[in-house]
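Trainee: So I've got this file, query_30.cif, and it contains mmCIF, C-alpha atoms and all ligand atoms:
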```cif
data_entry
#
loop_
_atom_site.label_atom_id
_atom_site.label_comp_id
_atom_site.auth_asym_id
_atom_site.auth_seq_id
_atom_site.Cartn_x
_atom_site.Cartn_y
_atom_site.Cartn_z
CA MET A 13 -93.01 67.63 -18.99
CA LYS A 14 -90.55 69.64 -21.11
CA ALA A 15 -89.47 68.56 -24.60
CA VAL A 16 -87.61 70.05 -27.52
CA ARG A 17 -90.01 70.58 -30.45
CA VAL A 18 -88.95 71.19 -34.03
CA SER A 19 -91.65 72.63 -36.26
CA GLN A 20 -91.75 73.79 -39.83
CA GLN A 21 -93.25 77.18 -40.66
CA GLN A 22 -93.26 77.72 -44.41
CA ASP A 23 -89.59 77.03 -45.28
CA GLN A 24 -88.25 77.96 -41.83
CA MET A 25 -87.49 75.47 -39.05
CA GLN A 26 -88.30 76.56 -35.49
CA VAL A 27 -86.66 74.77 -32.54
CA SER A 28 -87.87 75.46 -28.99
CA VAL A 29 -88.48 73.81 -25.63
CA GLU A 30 -92.19 73.36 -24.99
CA SER A 31 -94.43 72.09 -22.23
CA MET A 32 -96.00 68.78 -23.33
CA GLN A 33 -98.19 66.03 -21.83
CA LEU A 34 -97.35 62.34 -21.34
CA SER A 35 -100.41 61.66 -23.51
CA ASP A 36 -98.59 63.37 -26.42
CA LEU A 37 -96.00 60.57 -26.48
CA PRO A 38 -96.30 57.79 -29.09
CA ASP A 39 -98.08 54.59 -28.11
CA HIS A 40 -95.23 52.17 -27.23
CA GLU A 41 -94.67 49.71 -24.37
CA VAL A 42 -91.88 51.26 -22.28
CA LEU A 43 -92.21 54.65 -20.57
CA ILE A 44 -88.81 56.01 -19.54
CA LYS A 45 -87.97 59.06 -17.43
CA VAL A 46 -84.97 60.53 -19.25
CA HIS A 47 -82.07 61.75 -17.10
CA TRP A 48 -79.41 62.28 -19.77
CA SER A 49 -79.23 62.63 -23.52
CA SER A 50 -76.67 63.85 -26.05
CA ILE A 51 -76.47 65.74 -29.35
CA ASN A 52 -75.32 64.08 -32.56
CA TYR A 53 -74.90 65.43 -36.08
CA LYS A 54 -78.06 63.59 -37.15
CA ASP A 55 -80.01 65.53 -34.49
CA ALA A 56 -78.79 68.71 -36.17
CA MET A 57 -79.87 67.36 -39.57
CA SER A 58 -83.31 66.54 -38.16
CA ALA A 59 -83.65 70.00 -36.60
CA ALA A 60 -82.65 71.53 -39.93
CA GLY A 61 -85.63 69.80 -41.55
CA ASN A 62 -83.69 67.13 -43.48
CA LYS A 63 -86.44 64.84 -44.78
CA GLY A 64 -83.97 61.95 -45.16
CA ILE A 65 -83.77 61.93 -41.34
CA THR A 66 -87.23 63.11 -40.20
CA ARG A 67 -90.24 62.91 -42.50
CA SER A 68 -92.80 64.94 -40.58
CA PHE A 69 -92.91 67.80 -38.09
CA PRO A 70 -93.51 68.85 -35.32
CA HIS A 71 -90.96 66.45 -33.94
CA THR A 72 -88.81 65.87 -30.84
CA THR A 73 -85.08 65.28 -31.50
CA GLY A 74 -82.58 63.15 -29.54
CA LEU A 75 -81.01 59.95 -30.93
CA ASP A 76 -79.87 58.92 -27.45
CA ALA A 77 -81.47 58.68 -24.01
CA ALA A 78 -80.46 57.31 -20.61
CA GLY A 79 -82.88 57.07 -17.74
CA GLU A 80 -85.11 54.90 -15.62
CA VAL A 81 -88.04 52.72 -16.58
CA VAL A 82 -91.36 54.05 -15.24
CA GLU A 83 -93.62 51.34 -16.68
CA ASP A 84 -93.40 48.58 -19.26
CA ALA A 85 -96.54 47.04 -20.72
CA SER A 86 -94.50 44.12 -22.13
CA GLY A 87 -93.20 43.07 -18.70
CA GLU A 88 -89.58 42.84 -19.87
CA PHE A 89 -88.38 45.74 -17.72
CA GLN A 90 -89.15 46.56 -14.09
CA PRO A 91 -89.90 50.11 -12.87
CA GLY A 92 -86.67 51.73 -11.69
CA GLU A 93 -84.35 49.77 -13.98
CA GLN A 94 -81.60 51.96 -15.50
CA VAL A 95 -81.59 51.71 -19.28
CA VAL A 96 -80.25 53.42 -22.38
CA VAL A 97 -81.84 53.78 -25.78
CA ILE A 98 -79.26 54.48 -28.49
CA GLY A 99 -80.19 54.50 -32.16
CA TYR A 100 -83.03 52.54 -33.78
CA ASP A 101 -85.49 55.23 -34.82
CA LEU A 102 -85.23 57.32 -31.64
CA GLY A 103 -85.14 61.03 -32.48
CA MET A 104 -85.53 60.37 -36.20
CA ASN A 105 -89.21 59.54 -36.81
CA THR A 106 -89.89 58.52 -33.21
CA TRP A 107 -90.15 61.08 -30.37
CA GLY A 108 -86.55 61.41 -29.15
CA GLY A 109 -84.49 61.81 -26.01
CA HIS A 110 -84.54 65.63 -25.83
CA SER A 111 -87.59 65.18 -23.65
CA GLN A 112 -88.15 64.46 -19.96
CA TYR A 113 -90.09 61.30 -20.87
CA ILE A 114 -90.04 58.96 -23.88
CA ARG A 115 -92.10 55.91 -24.87
CA VAL A 116 -90.32 53.27 -26.96
CA PRO A 117 -90.88 49.68 -28.16
CA ALA A 118 -89.72 47.08 -25.62
CA SER A 119 -87.06 45.84 -28.07
CA TRP A 120 -85.14 49.15 -27.94
CA PRO A 121 -83.88 49.73 -24.35
CA VAL A 122 -80.65 48.11 -23.21
CA ARG A 123 -79.86 47.72 -19.50
CA LEU A 124 -76.93 49.87 -18.37
CA PRO A 125 -73.89 47.65 -17.75
CA GLU A 126 -72.82 47.27 -14.11
CA GLY A 127 -70.93 50.38 -12.99
CA MET A 128 -71.72 52.48 -16.08
CA SER A 129 -73.40 55.83 -15.35
CA GLY A 130 -76.10 57.30 -17.56
CA ARG A 131 -73.91 60.36 -18.14
CA TYR A 132 -70.98 58.25 -19.37
CA ALA A 133 -73.34 56.23 -21.58
CA MET A 134 -74.53 59.48 -23.16
CA ALA A 135 -70.97 60.81 -23.46
CA LEU A 136 -70.59 57.77 -25.70
CA GLY A 137 -74.08 57.79 -27.25
CA THR A 138 -74.60 57.08 -30.94
CA ALA A 139 -71.29 58.76 -31.81
CA GLY A 140 -69.24 56.72 -29.33
CA LEU A 141 -70.87 53.42 -30.18
CA THR A 142 -70.32 54.17 -33.87
CA ALA A 143 -66.64 54.85 -33.18
CA GLY A 144 -66.55 51.50 -31.37
CA TYR A 145 -68.26 49.64 -34.23
CA CYS A 146 -65.79 51.20 -36.70
CA LEU A 147 -62.77 50.03 -34.71
CA ASP A 148 -64.37 46.64 -34.15
CA LYS A 149 -64.81 46.22 -37.93
CA LEU A 150 -61.17 47.12 -38.55
CA LEU A 151 -59.95 44.70 -35.88
CA THR A 152 -62.15 41.92 -37.24
CA HIS A 153 -60.71 42.70 -40.67
CA GLY A 154 -57.26 42.11 -39.16
CA TYR A 155 -55.85 45.55 -38.30
CA ARG A 156 -52.92 45.34 -35.88
CA ALA A 157 -50.84 48.22 -34.42
CA GLU A 158 -47.60 46.96 -36.01
CA GLN A 159 -49.07 47.41 -39.51
CA GLY A 160 -48.90 51.19 -39.18
CA PRO A 161 -50.95 54.23 -38.22
CA ILE A 162 -54.70 54.52 -38.05
CA LEU A 163 -56.26 57.76 -39.32
CA VAL A 164 -59.40 59.25 -37.75
CA SER A 165 -61.26 61.93 -39.70
CA GLY A 166 -63.51 64.62 -38.23
CA ALA A 167 -61.31 64.14 -35.19
CA THR A 168 -62.76 66.99 -33.14
CA GLY A 169 -66.37 65.86 -33.76
CA GLY A 170 -68.48 63.35 -31.85
CA VAL A 171 -67.49 60.11 -33.61
CA GLY A 172 -63.96 61.35 -34.31
CA SER A 173 -63.13 62.48 -30.77
CA VAL A 174 -64.20 59.17 -29.21
CA ALA A 175 -62.38 57.23 -31.97
CA THR A 176 -59.20 59.28 -31.44
CA MET A 177 -59.30 58.73 -27.69
CA LEU A 178 -60.07 55.01 -28.01
CA CYS A 179 -57.43 54.25 -30.65
CA SER A 180 -54.69 56.12 -28.83
CA GLN A 181 -55.61 54.58 -25.47
CA LEU A 182 -55.29 51.13 -27.09
CA GLY A 183 -51.76 52.02 -28.18
CA TYR A 184 -52.28 52.60 -31.90
CA HIS A 185 -50.34 55.33 -33.67
CA THR A 186 -53.36 57.59 -34.18
CA ILE A 187 -53.42 60.34 -36.79
CA ALA A 188 -56.15 62.92 -36.21
CA LEU A 189 -57.37 64.54 -39.44
CA THR A 190 -58.96 67.89 -38.71
CA GLY A 191 -60.08 71.10 -40.34
CA LYS A 192 -59.60 73.09 -37.13
CA ALA A 193 -56.14 74.64 -36.82
CA ASP A 194 -57.00 75.99 -33.35
CA GLN A 195 -57.85 72.57 -31.87
CA HIS A 196 -54.48 70.81 -32.11
CA ASP A 197 -53.85 71.04 -28.34
CA TYR A 198 -57.26 69.47 -27.71
CA LEU A 199 -56.48 66.62 -30.12
CA LYS A 200 -53.11 66.04 -28.39
CA GLN A 201 -54.98 65.84 -25.08
CA LEU A 202 -57.27 63.21 -26.61
CA GLY A 203 -54.10 61.24 -27.34
CA ALA A 204 -53.48 61.88 -31.05
CA SER A 205 -49.92 60.93 -32.07
CA ASP A 206 -50.00 63.17 -35.16
CA ILE A 207 -52.36 65.84 -36.43
CA TRP A 208 -52.91 66.29 -40.15
CA PRO A 209 -54.64 69.43 -41.48
CA ARG A 210 -57.63 68.55 -43.63
CA GLU A 211 -56.92 71.13 -46.34
CA GLN A 212 -53.55 69.51 -47.20
CA PHE A 213 -54.79 65.94 -47.03
CA LYS A 214 -56.23 65.84 -50.54
CA GLU A 215 -53.16 67.35 -52.27
CA GLY A 216 -52.21 65.02 -55.11
CA SER A 217 -55.51 63.15 -54.93
CA GLU A 218 -56.04 63.54 -58.68
CA ARG A 219 -53.63 60.58 -59.06
CA ALA A 220 -55.02 57.02 -59.19
CA LEU A 221 -52.94 56.01 -56.15
CA MET A 222 -51.01 58.04 -53.56
CA LYS A 223 -48.13 57.36 -51.18
CA PRO A 224 -49.43 54.54 -48.94
CA ASP A 225 -48.99 56.12 -45.51
CA ILE A 226 -51.91 54.77 -43.44
CA ALA A 227 -52.77 51.21 -42.48
CA ALA A 228 -56.37 51.80 -41.42
CA ALA A 229 -58.87 54.62 -41.11
CA ILE A 230 -62.18 55.64 -39.57
CA ASP A 231 -63.95 58.13 -41.83
CA VAL A 232 -66.95 60.34 -41.03
CA ALA A 233 -66.84 62.43 -44.20
CA GLY A 234 -67.40 60.30 -47.32
CA GLY A 235 -67.02 62.07 -50.70
CA GLU A 236 -63.59 63.12 -51.92
CA GLN A 237 -62.07 62.66 -48.48
CA LEU A 238 -62.99 58.97 -48.40
CA VAL A 239 -61.67 58.54 -51.94
CA THR A 240 -58.36 60.10 -50.83
CA ILE A 241 -58.16 57.79 -47.83
CA LEU A 242 -58.64 54.77 -50.12
CA LYS A 243 -55.78 56.00 -52.33
CA ARG A 244 -53.47 56.45 -49.29
CA LEU A 245 -54.12 53.05 -47.66
CA GLN A 246 -51.24 50.58 -47.49
CA PHE A 247 -51.45 47.11 -49.03
CA ASP A 248 -54.37 45.21 -47.41
CA GLY A 249 -55.41 48.34 -45.49
CA ALA A 250 -59.03 49.10 -44.66
CA VAL A 251 -61.26 52.08 -43.94
CA ALA A 252 -64.43 51.91 -41.85
CA ALA A 253 -66.80 54.50 -43.33
CA CYS A 254 -69.73 55.81 -41.33
CA GLY A 255 -70.53 59.38 -42.35
CA ILE A 256 -71.38 61.90 -45.02
CA ILE A 257 -70.13 65.21 -43.58
CA ASP A 258 -68.22 65.93 -46.80
CA SER A 259 -70.59 64.25 -49.27
CA PRO A 260 -72.80 61.15 -49.63
CA GLU A 261 -71.35 60.59 -53.11
CA LEU A 262 -68.38 58.39 -53.94
CA HIS A 263 -66.74 58.84 -57.35
CA HIS A 264 -64.01 56.32 -57.28
CA MET A 265 -61.66 54.27 -59.47
CA ILE A 266 -61.09 50.63 -58.63
CA PHE A 267 -57.25 50.78 -58.42
CA PRO A 268 -56.82 50.83 -54.60
CA PHE A 269 -58.89 47.62 -54.45
CA ILE A 270 -57.23 45.68 -57.26
CA LEU A 271 -53.65 46.96 -56.90
CA ARG A 272 -53.38 47.23 -53.09
CA GLY A 273 -56.11 44.87 -51.92
CA THR A 274 -57.71 47.57 -49.78
CA SER A 275 -61.18 47.27 -48.24
CA LEU A 276 -64.05 49.68 -47.69
CA LEU A 277 -66.04 48.59 -44.64
CA GLY A 278 -69.48 50.08 -44.02
CA VAL A 279 -70.75 50.85 -40.51
CA ALA A 280 -74.46 51.28 -39.74
CA SER A 281 -75.05 51.68 -36.03
CA ALA A 282 -78.73 52.73 -35.99
CA ASP A 283 -80.05 49.28 -36.82
CA ALA A 284 -77.37 47.20 -35.10
CA PRO A 285 -79.07 44.33 -33.25
CA ARG A 286 -79.54 44.60 -29.51
CA SER A 287 -76.88 41.93 -28.92
CA ALA A 288 -74.32 44.14 -30.75
CA ARG A 289 -75.28 47.16 -28.62
CA GLU A 290 -74.99 45.13 -25.41
CA ARG A 291 -71.58 43.82 -26.48
CA MET A 292 -70.35 47.31 -27.41
CA LEU A 293 -71.61 48.91 -24.17
CA ALA A 294 -69.98 46.10 -22.17
CA LYS A 295 -66.69 46.78 -24.00
CA PHE A 296 -66.88 50.48 -23.15
CA ALA A 297 -67.60 49.52 -19.54
CA GLY A 298 -64.61 47.15 -19.48
CA GLN A 299 -61.52 46.80 -21.67
CA TRP A 300 -62.38 49.89 -23.76
CA ALA A 301 -63.40 52.08 -20.79
CA LEU A 302 -62.49 55.73 -21.42
CA PRO A 303 -62.01 57.24 -17.95
CA LYS A 304 -61.30 60.72 -19.33
CA LEU A 305 -64.19 60.82 -21.81
CA GLU A 306 -66.59 62.73 -19.57
CA ASP A 307 -63.96 65.42 -18.89
CA PHE A 308 -63.87 66.13 -22.62
CA CYS A 309 -67.64 66.57 -22.99
CA ASP A 310 -69.58 69.79 -22.81
CA GLN A 311 -72.65 69.52 -20.57
CA ILE A 312 -75.76 71.55 -21.38
CA THR A 313 -79.35 71.68 -20.15
CA LEU A 314 -82.48 70.81 -22.13
CA ASP A 315 -83.21 74.55 -22.44
CA GLU A 316 -79.88 75.05 -24.25
CA VAL A 317 -80.52 72.32 -26.87
CA PRO A 318 -82.30 74.54 -29.46
CA GLU A 319 -79.36 76.93 -29.79
CA ILE A 320 -76.65 74.24 -29.83
CA ILE A 321 -78.47 71.90 -32.21
CA THR A 322 -79.07 74.72 -34.69
CA ASN A 323 -75.41 75.76 -34.71
CA MET A 324 -74.05 72.20 -35.11
CA ILE A 325 -75.11 71.75 -38.74
CA ASP A 326 -72.09 73.62 -40.15
CA GLY A 327 -69.60 71.01 -38.84
CA SER A 328 -68.05 73.43 -36.33
CA ASN A 329 -68.62 71.06 -33.39
CA THR A 330 -65.54 70.40 -31.27
CA ARG A 331 -66.58 67.74 -28.79
CA ARG A 332 -69.28 65.43 -27.46
CA ILE A 333 -72.24 67.21 -25.91
CA VAL A 334 -74.22 65.62 -23.07
CA VAL A 335 -77.62 67.01 -22.14
CA LYS A 336 -78.81 66.97 -18.53
CA VAL A 337 -82.51 66.42 -19.12
CA SER A 338 -83.87 65.99 -15.58
CA GLU A 339 -82.74 65.05 -12.07
N1 LIG B 401 -73.29 55.18 -39.99
C1 LIG B 401 -73.70 55.38 -38.76
O1 LIG B 401 -74.23 54.50 -38.12
C2 LIG B 401 -73.47 56.72 -38.12
C3 LIG B 401 -73.57 56.89 -36.74
C4 LIG B 401 -73.24 58.14 -36.18
C5 LIG B 401 -72.84 59.19 -37.01
N2 LIG B 401 -72.82 58.98 -38.36
C6 LIG B 401 -72.39 60.06 -39.26
O2 LIG B 401 -71.03 60.37 -38.98
C7 LIG B 401 -70.80 61.72 -39.28
C8 LIG B 401 -70.17 62.40 -38.06
O3 LIG B 401 -71.11 62.49 -37.02
P1 LIG B 401 -70.71 63.28 -35.68
O4 LIG B 401 -71.86 63.10 -34.75
O5 LIG B 401 -69.33 62.91 -35.25
O6 LIG B 401 -70.70 64.80 -36.24
P2 LIG B 401 -70.00 66.11 -35.61
O7 LIG B 401 -69.89 65.97 -34.14
O8 LIG B 401 -70.70 67.28 -36.19
O9 LIG B 401 -68.50 66.03 -36.18
C9 LIG B 401 -68.22 66.09 -37.55
C10 LIG B 401 -66.79 66.57 -37.75
O10 LIG B 401 -66.46 66.41 -39.14
C11 LIG B 401 -65.47 67.37 -39.50
N3 LIG B 401 -65.90 68.08 -40.71
C12 LIG B 401 -66.72 69.16 -40.81
N4 LIG B 401 -66.90 69.50 -42.10
C13 LIG B 401 -66.17 68.61 -42.83
C14 LIG B 401 -65.94 68.46 -44.22
N5 LIG B 401 -66.47 69.26 -45.14
N6 LIG B 401 -65.14 67.44 -44.63
C15 LIG B 401 -64.57 66.61 -43.73
N7 LIG B 401 -64.75 66.71 -42.39
C16 LIG B 401 -65.55 67.70 -41.95
C17 LIG B 401 -65.33 68.32 -38.31
O11 LIG B 401 -64.20 67.89 -37.55
P3 LIG B 401 -62.73 68.45 -37.86
O12 LIG B 401 -62.84 69.92 -38.00
O13 LIG B 401 -61.91 68.01 -36.71
O14 LIG B 401 -62.29 67.82 -39.16
C18 LIG B 401 -66.59 68.05 -37.48
O15 LIG B 401 -66.38 68.33 -36.13
C19 LIG B 401 -72.15 62.30 -39.72
O16 LIG B 401 -72.26 62.26 -41.14
C20 LIG B 401 -73.14 61.35 -39.09
O17 LIG B 401 -74.38 61.36 -39.76
C21 LIG B 401 -73.12 57.78 -38.92
#
```
For this file, produce the structure as structure tokens.
Mentor:
Amino acid sequence: MKAVRVSQQQDQMQVSVESMQLSDLPDHEVLIKVHWSSINYKDAMSAAGNKGITRSFPHTTGLDAAGEVVEDASGEFQPGEQVVVIGYDLGMNTWGGHSQYIRVPASWPVRLPEGMSGRYAMALGTAGLTAGYCLDKLLTHGYRAEQGPILVSGATGGVGSVATMLCSQLGYHTIALTGKADQHDYLKQLGASDIWPREQFKEGSERALMKPDIAAAIDVAGGEQLVTILKRLQFDGAVAACGIIDSPELHHMIFPFILRGTSLLGVASADAPRSARERMLAKFAGQWALPKLEDFCDQITLDEVPEIITNMIDGSNTRRIVVKVSE
């Protein structure tokens, strides 16, 4: 079988597709033939040798996988069942989905909802489910369209593009925050109502509070950008924070919380319980179905993963990437 392998040679990371044996796979219950996978920012971090993501190399990347069960020693799944594995430790410290076969614990696979294709599930993948969890948190917090616009940061990236499409499809006034001046047409096609350039967003952010012009936000960046969002939230507004593209640090005064009652909601999709994954996948198969999502994805082959994954680390990504792993 073929698999992407990341290895460390002195200080250099090497990423290539290699011929491997089934016996190289880790010793878990469920053997899955992978048909589709995807590429997420964390895959790029793993391939870049980030020890916070992957502790030891050589390693196979791929946070997401969709395919068919070949065998299951636990008896929970039958051969031929269509499943997805999204998150947990897949592709981090466990052999990931950029491989024609994976072996995972029986608690990780989730059956594909009726009518959902493996390709669509991977167009969503970790990024899409995270976008869904973010919106879900905001709705549970009480966000309603009439309160005002929702801002999505990193709008051209994986999480951001699905969030932009989902929020606009649900009828929210969706502001796409982006650093890419040449991608405004793409963001309009995703459904963005307004597009805000990232470089102007932080102007005036040295003040304790700013003009309150957003009711809710989904943020992938953290750092100063998240601090600015908190300062721009309306009374009782909330931001669902999931990423660290800008910075993992948060240097922040308490004023937005105690003067405007704003909330900072954390989203952690990797360890979400299986019931949450099943509920989120069912939503994306039903009331949150995104019929145009697959049209907005780039499709690549397993052989193309090393080049794409290496280039993604600089934040230049402009859409979801699905990987056709095998027939
Ligand atoms: N908490 C969780 O469970 C969870 C799950 C999935 C992902 N994440 C995290 O969410 C983040 C986004 O992941 P992704 O897969 O969507 O990544 P991605 O596809 O690489 O997209 C990231 C986007 O962020 C924007 N960006 C780049 N540099 C930036 C900067 N310095 N400041 C602000 N924005 C910048 C860019 O979009 P624009 O040019 O349009 O601004 C870029 O396309 C990552 O930090 C990832 O680790 C967390």
Trainee: Using all atoms listed in the file, which residue out of A:Val81, A:Leu293, A:Arg331, A:Lys214 lies closest to Thr168 (chain A)?
Mentor: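 Among the listed residues, the smallest separation from Thr168 (chain A) belongs to A:Arg331.
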Trainee: As an exercise, work out the distance from CA of Tyr132 (chain A) to atom O3 of ligand LIG 401 (chain B) in Å and give it to one decimal place.
Mentor: 18.2 Å
Trainee: Compute the set of protein, DNA and RNA residues whose minimum atom distance to ligand LIG 401 (chain B) is at most 8 Å, using all atoms listed in the file, and state it as a PyMOL selection string.
Mentor: chain A and resi 51-54+138-139+141-143+165-173+188-192+195+210+231-234+237+253-259+278-283+324-332
Trainee: Counting all atoms listed in the file, which of A:Phe296, A:Met222, A:Ser217, A:Ile65 gets nearest to Ala175 (chain A)?
Mentor: A:Phe296
Trainee: Tell me which of A:Ile162, A:Ala220, A:Ala15, A:Ile270 sits closest to Asp36 (chain A), counting all atoms listed in the file.
Mentor: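 Under the stated criterion, the closest residue is A:Ala15.
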Trainee: Can you tell me, as a PyMOL selection string, what residues are no more than 12 Å from Asp23 (chain A) when counting all atoms listed in the file, ignoring any on the same chain fewer than 2 positions away?
Mentor: chain A and resi 19-21+25-26+60-62
Trainee: For Gly130 (chain A), which residue out of A:Thr176, A:Ser49, A:Asn105, A:Ser86 is the nearest one, using all atoms listed in the file?
Mentor: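 Going through A:Thr176, A:Ser49, A:Asn105, A:Ser86 one by one, the smallest distance to Gly130 (chain A) is for A:Ser49.
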Trainee: With distances taken over all atoms listed in the file, which residue among A:Ser205, A:Gln299, A:Gln33, A:Thr106 lies nearest Arg67 (chain A)?
Mentor: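 Under the stated criterion, the closest residue is A:Thr106.
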Trainee: Residues near Glu319 (chain A), anyone? I mean within 12 Å using all atoms listed in the file, not counting same-chain ones fewer than 3 positions away, as a list in words.
Mentor: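 Final neighbour list, sorted by chain and number: Val16, Val18, Gln26, Val27, Ser28, Val29, Ile51, Ala56, Ala59, Ala60, Ile312, Thr313, Leu314, Asp315, Glu316, Thr322, Asn323, Met324 and Ile325 of chain A.
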Trainee: Restricting the calculation to all atoms listed in the file, which member of A:Ala301, A:Leu151, A:Val42, A:Val335 is positioned closest to Leu75 (chain A)?
Mentor: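 Result for the nearest residue to Leu75 (chain A): A:Val335.
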Trainee: As an MDAnalysis selection string, please: the residues near Phe247 (chain A) (cut-off 9 Å, only C-alpha atoms, same-chain neighbours under 4 positions excluded).
Mentor: chainID A and resid 224 227 268 271:274
Trainee: Rounded to one decimal place, report the CA of Gly203 (chain A)-CA of Met128 (chain A) distance in Å.
Mentor: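 Distance reported for this atom pair: 22.7 Å.
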Trainee: Let me know the centre plus edge lengths, in Å and rounded to one decimal, of a box with edges along x, y and z that contains all listed atoms of region 135-146 of chain A and is padded by 8 Å on every side, as JSON.
Mentor:
```
{"center_x": -70.2, "center_y": 55.2, "center_z": -30.1, "size_x": 24.8, "size_y": 27.2, "size_z": 29.2}
```
Trainee: What separation in Å, quoted to one decimal, exists between CA of Leu136 (chain A) and CA of Val174 (chain A)?
Mentor: 7.4 Å
Trainee: N, CA and C atoms are what I want for region 56-68 of chain A; can you complete it accordingly and write them as a compact mmCIF listing (two decimals), keeping the file's coordinate frame?
Mentor:
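Saved the output as part.txt:
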```txt
# COMPACT_ATOMS: atom_id res chain seq x y z
N ALA A 56 -78.86 67.40 -35.51
CA ALA A 56 -78.79 68.71 -36.17
C ALA A 56 -79.46 68.64 -37.54
N MET A 57 -79.24 67.52 -38.25
CA MET A 57 -79.87 67.36 -39.57
C MET A 57 -81.39 67.31 -39.43
N SER A 58 -81.87 66.62 -38.40
CA SER A 58 -83.31 66.54 -38.16
C SER A 58 -83.87 67.93 -37.86
N ALA A 59 -83.17 68.66 -36.98
CA ALA A 59 -83.65 70.00 -36.60
C ALA A 59 -83.60 70.98 -37.76
N ALA A 60 -82.74 70.66 -38.75
CA ALA A 60 -82.65 71.53 -39.93
C ALA A 60 -83.70 71.17 -40.97
N GLY A 61 -84.53 70.16 -40.66
CA GLY A 61 -85.63 69.80 -41.55
C GLY A 61 -85.26 68.81 -42.63
N ASN A 62 -84.12 68.11 -42.47
CA ASN A 62 -83.69 67.13 -43.48
C ASN A 62 -84.68 65.96 -43.54
N LYS A 63 -85.37 65.84 -44.66
CA LYS A 63 -86.44 64.84 -44.78
C LYS A 63 -85.89 63.41 -44.88
N GLY A 64 -84.59 63.28 -45.17
CA GLY A 64 -83.97 61.95 -45.16
C GLY A 64 -83.84 61.43 -43.73
N ILE A 65 -83.89 62.33 -42.75
CA ILE A 65 -83.77 61.93 -41.34
C ILE A 65 -85.16 61.90 -40.70
N THR A 66 -85.91 63.00 -40.84
CA THR A 66 -87.23 63.11 -40.20
C THR A 66 -88.26 63.52 -41.25
N ARG A 67 -89.28 62.66 -41.41
CA ARG A 67 -90.24 62.91 -42.50
C ARG A 67 -91.28 63.96 -42.15
N SER A 68 -91.73 63.98 -40.87
CA SER A 68 -92.80 64.94 -40.58
C SER A 68 -92.57 65.68 -39.27
```
